[in-house]
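Everything below belongs to final-v1.cif, which stores mmCIF, C-alpha atoms.
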```cif
data_input
#
loop_
_atom_site.label_atom_id
_atom_site.label_comp_id
_atom_site.auth_asym_id
_atom_site.auth_seq_id
_atom_site.Cartn_x
_atom_site.Cartn_y
_atom_site.Cartn_z
CA MET A 15 87.71 107.07 120.07
CA SER A 16 85.20 105.10 122.16
CA PRO A 17 85.51 101.29 122.30
CA ARG A 18 82.22 101.15 120.38
CA GLY A 19 83.69 103.36 117.64
CA GLU A 20 86.86 101.27 117.47
CA ALA A 21 84.76 98.10 117.17
CA GLY A 22 82.77 99.72 114.36
CA LEU A 23 86.00 100.52 112.49
CA TRP A 24 87.26 96.96 113.04
CA ILE A 25 84.05 95.53 111.51
CA ALA A 26 84.12 98.04 108.63
CA GLN A 27 87.75 97.11 107.92
CA ARG A 28 86.97 93.36 107.79
CA ALA A 29 83.72 93.74 105.83
CA SER A 30 85.42 95.96 103.23
CA ALA A 31 88.35 93.49 103.13
CA ALA A 32 85.97 90.65 102.24
CA VAL A 33 84.50 92.71 99.36
CA LEU A 34 87.99 93.77 98.25
CA ALA A 35 89.28 90.19 98.26
CA LEU A 36 86.82 89.36 95.50
CA CYS A 37 87.33 92.66 93.63
CA VAL A 38 91.16 92.37 93.71
CA LEU A 39 91.02 88.81 92.41
CA VAL A 40 88.91 89.92 89.42
CA HIS A 41 91.15 93.02 88.96
CA ILE A 42 94.37 90.98 88.85
CA VAL A 43 92.92 88.44 86.40
CA VAL A 44 91.62 91.24 84.12
CA MET A 45 95.00 93.03 84.32
CA ILE A 46 96.97 89.93 83.34
CA TYR A 47 94.53 89.38 80.45
CA ALA A 48 94.52 93.05 79.38
CA VAL A 49 98.27 93.77 79.34
CA ARG A 50 99.02 91.06 76.79
CA GLY A 51 100.10 92.86 73.63
CA GLY A 52 100.25 96.22 75.44
CA LEU A 53 97.59 98.58 76.77
CA SER A 54 95.65 100.95 74.55
CA ALA A 55 92.89 103.44 75.37
CA ALA A 56 90.70 101.95 72.62
CA GLU A 57 91.03 98.47 74.11
CA ILE A 58 90.34 99.62 77.71
CA LEU A 59 87.43 101.89 76.82
CA GLY A 60 86.04 99.31 74.37
CA ARG A 61 85.72 96.95 77.31
CA THR A 62 84.30 99.42 79.83
CA ARG A 63 82.33 102.17 78.01
CA GLY A 64 78.58 101.77 78.32
CA ASN A 65 79.00 98.55 80.28
CA ALA A 66 76.75 98.72 83.34
CA GLY A 67 78.29 95.56 84.82
CA TRP A 68 81.81 97.02 84.94
CA ALA A 69 80.42 100.37 86.19
CA VAL A 70 78.71 98.64 89.13
CA PHE A 71 81.77 96.44 89.80
CA TYR A 72 84.28 99.34 89.81
CA SER A 73 81.93 101.59 91.86
CA LEU A 74 81.69 98.86 94.51
CA PHE A 75 85.49 98.44 94.34
CA VAL A 76 85.99 102.20 94.89
CA LEU A 77 83.46 102.29 97.74
CA ALA A 78 85.14 99.36 99.52
CA VAL A 79 88.64 100.80 99.13
CA ALA A 80 87.48 104.26 100.31
CA VAL A 81 86.39 102.54 103.56
CA HIS A 82 89.35 100.17 103.84
CA ALA A 83 92.43 102.28 103.05
CA PRO A 84 91.70 105.24 105.40
CA ILE A 85 91.11 102.87 108.36
CA GLY A 86 94.44 101.18 107.59
CA LEU A 87 96.25 104.52 107.35
CA ARG A 88 94.67 105.53 110.67
CA ALA A 89 96.15 102.45 112.37
CA ILE A 90 99.60 103.20 110.91
CA ALA A 91 99.38 106.86 111.97
CA ILE A 92 98.49 105.86 115.54
CA GLU A 93 101.04 103.06 115.93
CA TRP A 94 104.02 104.45 114.02
CA LEU A 95 103.58 108.22 114.29
CA GLY A 96 101.75 108.46 117.62
CA TRP A 97 99.18 110.67 115.86
CA ARG A 98 95.83 110.72 117.66
CA GLY A 99 92.83 112.93 118.33
CA ARG A 100 90.67 115.22 116.27
CA SER A 101 93.26 116.13 113.63
CA LEU A 102 93.79 112.45 112.79
CA GLY A 103 90.01 111.96 112.46
CA ILE A 104 89.82 114.92 110.07
CA PHE A 105 92.75 113.60 107.99
CA VAL A 106 91.22 110.12 107.76
CA HIS A 107 87.84 111.47 106.66
CA LEU A 108 89.46 113.78 104.10
CA PHE A 109 91.47 110.89 102.67
CA ALA A 110 88.32 108.75 102.45
CA ALA A 111 86.50 111.58 100.64
CA LEU A 112 89.45 112.05 98.26
CA LEU A 113 89.52 108.34 97.35
CA LEU A 114 85.74 108.22 96.92
CA MET A 115 85.59 111.32 94.70
CA MET A 116 88.66 110.53 92.60
CA GLY A 117 87.65 106.88 92.33
CA LEU A 118 84.08 107.54 91.21
CA ARG A 119 85.39 110.17 88.77
CA ALA A 120 87.70 107.50 87.29
CA VAL A 121 84.78 105.04 87.01
CA TRP A 122 82.75 107.72 85.26
CA ALA A 123 85.69 108.48 82.93
CA VAL A 124 86.08 104.91 81.70
CA CYS A 125 82.49 103.61 81.91
CA ALA A 126 80.19 106.52 80.94
CA MET B 9 110.78 100.26 124.77
CA ARG B 10 113.96 98.47 123.74
CA PHE B 11 114.07 97.36 120.14
CA ASP B 12 114.81 93.66 120.13
CA TRP B 13 115.13 91.94 116.75
CA ARG B 14 114.83 88.52 118.38
CA ALA B 15 111.21 89.32 119.20
CA ARG B 16 110.52 90.32 115.60
CA ASN B 17 112.52 88.04 113.38
CA HIS B 18 109.87 85.38 112.80
CA PRO B 19 107.56 84.70 109.82
CA ALA B 20 104.40 86.21 111.33
CA TRP B 21 106.19 89.50 112.07
CA TRP B 22 107.54 89.69 108.52
CA ALA B 23 104.02 88.94 107.22
CA PHE B 24 102.74 91.84 109.35
CA LEU B 25 105.42 94.18 107.98
CA VAL B 26 104.79 93.19 104.34
CA HIS B 27 101.04 93.67 104.87
CA ARG B 28 101.51 97.09 106.42
CA LEU B 29 104.07 98.44 103.94
CA SER B 30 102.17 97.08 100.91
CA GLY B 31 98.96 98.65 102.25
CA LEU B 32 100.72 101.99 102.75
CA ALA B 33 102.16 101.90 99.21
CA LEU B 34 98.77 100.98 97.71
CA ALA B 35 97.00 103.78 99.61
CA LEU B 36 99.51 106.32 98.25
CA PHE B 37 99.30 104.85 94.73
CA LEU B 38 95.48 104.94 94.50
CA PRO B 39 95.04 108.71 93.96
CA LEU B 40 97.61 108.53 91.11
CA HIS B 41 95.82 105.52 89.62
CA PHE B 42 92.44 107.29 89.75
CA TRP B 43 93.95 110.47 88.27
CA ALA B 44 95.47 108.46 85.39
CA LEU B 45 92.12 106.79 84.59
CA GLY B 46 90.46 110.21 84.78
CA GLN B 47 92.49 111.17 81.69
CA ALA B 48 89.77 109.38 79.72
CA LEU B 49 87.49 112.34 80.48
CA GLN B 50 89.61 114.33 78.01
CA GLY B 51 89.09 111.61 75.42
CA GLU B 52 90.78 108.52 74.07
CA VAL B 53 93.80 110.46 72.76
CA ALA B 54 94.62 111.87 76.21
CA LEU B 55 94.43 108.42 77.81
CA ASP B 56 96.58 106.96 75.02
CA GLY B 57 99.14 109.73 75.58
CA PHE B 58 99.39 108.72 79.23
CA LEU B 59 99.58 105.00 78.35
CA ARG B 60 102.50 105.69 75.97
CA TRP B 61 104.30 107.41 78.88
CA THR B 62 103.84 104.22 80.92
CA ASP B 63 105.69 102.22 78.22
CA GLN B 64 109.02 103.37 79.73
CA PRO B 65 110.90 100.43 81.28
CA LEU B 66 111.15 102.05 84.73
CA VAL B 67 107.40 102.75 84.80
CA LYS B 68 106.67 99.19 83.62
CA VAL B 69 108.81 97.73 86.42
CA SER B 70 107.08 100.01 88.96
CA GLU B 71 103.66 98.92 87.68
CA TRP B 72 104.68 95.30 88.04
CA GLY B 73 105.91 96.04 91.56
CA ILE B 74 102.64 97.66 92.61
CA VAL B 75 100.63 94.68 91.26
CA VAL B 76 102.86 92.30 93.25
CA LEU B 77 102.23 94.46 96.34
CA LEU B 78 98.49 94.28 95.60
CA ALA B 79 98.68 90.48 95.37
CA ALA B 80 100.75 90.34 98.58
CA HIS B 81 98.30 92.59 100.44
CA ALA B 82 95.28 90.60 99.20
CA ALA B 83 96.85 87.22 100.03
CA GLY B 84 98.06 88.48 103.43
CA GLY B 85 94.59 89.92 104.07
CA LEU B 86 92.94 86.58 103.28
CA ARG B 87 95.35 85.00 105.75
CA LEU B 88 94.27 87.50 108.45
CA LEU B 89 90.56 86.95 107.71
CA ALA B 90 91.10 83.18 107.98
CA LEU B 91 92.97 83.58 111.30
CA GLU B 92 90.30 85.86 112.75
CA MET B 93 87.11 84.35 111.39
CA LEU B 94 87.74 80.61 111.13
CA PRO B 95 88.11 78.17 114.04
CA TRP B 96 91.66 78.04 115.43
CA ARG B 97 93.99 75.53 113.83
CA ASP B 98 97.68 74.90 114.02
CA TRP B 99 98.05 76.14 110.47
CA GLN B 100 99.58 79.60 110.79
CA LYS B 101 102.68 78.79 108.81
CA THR B 102 100.66 76.95 106.16
CA LEU B 103 98.59 80.12 105.68
CA LEU B 104 101.77 82.19 105.47
CA ALA B 105 103.21 79.87 102.83
CA LEU B 106 99.91 79.96 100.94
CA ALA B 107 99.86 83.78 100.98
CA ALA B 108 103.46 83.92 99.76
CA GLY B 109 102.66 81.37 97.04
CA ILE B 110 99.65 83.36 95.76
CA THR B 111 101.81 86.50 95.62
CA VAL B 112 104.60 84.79 93.66
CA ALA B 113 102.09 83.16 91.27
CA ALA B 114 100.37 86.51 90.53
CA GLY B 115 103.76 88.22 90.05
CA LEU B 116 104.99 85.54 87.64
CA ALA B 117 101.73 85.49 85.66
CA LEU B 118 101.84 89.26 85.17
CA ALA B 119 105.56 89.21 84.33
CA LEU B 120 104.88 86.62 81.62
CA ALA B 121 101.95 88.64 80.23
CA LEU B 122 103.83 92.00 80.20
#
```

Structure re-expressed in structure tokens:
Amino acid sequence: MSPRGEAGLWIAQRASAAVLALCVLVHIVVMIYAVRGGLSAAEILGRTRGNAGWAVFYSLFVLAVAVHAPIGLRAIAIEWLGWRGRSLGIFVHLFAALLLMMGLRAVWAVCA
Amino acid sequence: MRFDWRARNHPAWWAFLVHRLSGLALALFLPLHFWALGQALQGEVALDGFLRWTDQPLVKVSEWGIVVLLAAHAAGGLRLLALEMLPWRDWQKTLLALAAGITVAAGLALALAL
């Protein structure tokens, strides 16, 4: 990849990390609150269904992680596996698409 | 290249390794997590059925482990953002200790709530 492309990925990785830092903090606090007394579908869906705020929050969370995780996997593939070139680019894009689709489907499942 | 542990056995290298391995584990976990939440599309009963499966002790311990990895990755990531974005200070080990502290605190809080 061109130096310009690498710089773009570096910025995307840091920008998504900044968004994720906030999202993960909220996620961990909600998890610790929610698991007290055990998890139930009624409790989870009672909190999320029809709630536009949670829908927006989790959609942003999914979007940020769909940018962040594939770029991280790309770095690991290059440095630890020596995987480069077009096939790596295809894999990274497919993984990003998988996370985005599965993630938004999950948001839809619990918020709609 | 010769593998030399002396070059690697220092706190910043261990922080790098924890960040990388936790990130890898989280990336592999995410599709499973999204699939599990997607059970709600089949209704509350389907999601409850899955949640009952997660009541098994081994699954509970794994869940706790993945949350600790999430806390470690987030705290380690904040450390990296601070190193890269803020003016240079002689505080690298303080940041490392802070990241480790945040991870332990999150792990303990969840363990107490479970």

Please provide the set of residues having any atom within 7 Å of A:Ala126, restricted to only C-alpha atoms, with same-chain residues fewer than 4 positions apart removed, written as a PDB file with C-alpha atoms, in the coordinates of the input.
```pdb
ATOM      1  CA  ARG A  63      82.330 102.170  78.010  1.00  0.00           C
ATOM      2  CA  GLY A  64      78.580 101.770  78.320  1.00  0.00           C
ATOM      3  CA  TRP A 122      82.750 107.720  85.260  1.00  0.00           C
TER       4      TRP A 122
END
```

- Task: Pull out every residue that the PyMOL selection byres ((chain A) within 7 of (chain B)) matches in the shown coordinates and put them as an NGL selection string.
- Result: :A and (35 or 46 or 49-50 or 53-56 or 83 or 87 or 113 or 116-117 or 119-120 or 123-124)

- Message: At a cut-off of 8 Å, using only C-alpha atoms, what residues contact stretch 65-75 of chain A? Leave out same-chain residues fewer than 6 positions from it and give the result as a ChimeraX atom specification.
- Response: /A:33-34,37,117-118,121-122,125

- Coordinates-based distance that separates atom CA of A:Val81 from atom CA of A:Ser16 (Å, one decimal):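 Those two atoms sit 18.8 Å apart.
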
- What is the atom CA of A:Ile92 to atom CA of A:Phe105 distance in Å? 12.2 Å

- Message: One number please: atom CA of A:Ala78 to atom CA of A:Ala31, in Å, one decimal.
- Response: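 Separation between atom CA of A:Ala78 and atom CA of A:Ala31: 7.6 Å.
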
With all atoms of stretch 48-64 of chain B from the file as input, state the centre and edge lengths in Å to one decimal of the axis-aligned box that has 3 Å extra on each side, as AutoDock Vina command-line options.
```
--center_x 98.3 --center_y 108.3 --center_z 76.8 --size_x 27.5 --size_y 18.1 --size_z 14.2
```

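If you apply the PyMOL selection byres ((chain A and resi 107) around 12) to this structure, you end up with Ala80, Val81, His82, Ala83, Pro84, Ile85, Leu87, Arg88, Arg100, Ser101, Leu102, Gly103, Ile104, Phe105, Val106, Leu108, Phe109, Ala110, Ala111, Leu112, Leu113 and Leu114 of chain A.
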
- Message: Using all atoms listed in the file, can you tell me which of B:Trp61, B:Phe24, B:Phe37, B:Trp72 comes closest to B:Leu104?
- Response: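 Smallest distance to B:Leu104 is found for B:Phe24.
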
- Task: Considering all atoms listed in the file, state which residue in the set B:Lys101, B:Pro65, B:Leu91, B:Ala108 is at the smallest distance from B:Leu77.
- Result: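 Smallest separation from B:Leu77 among the options: B:Ala108.
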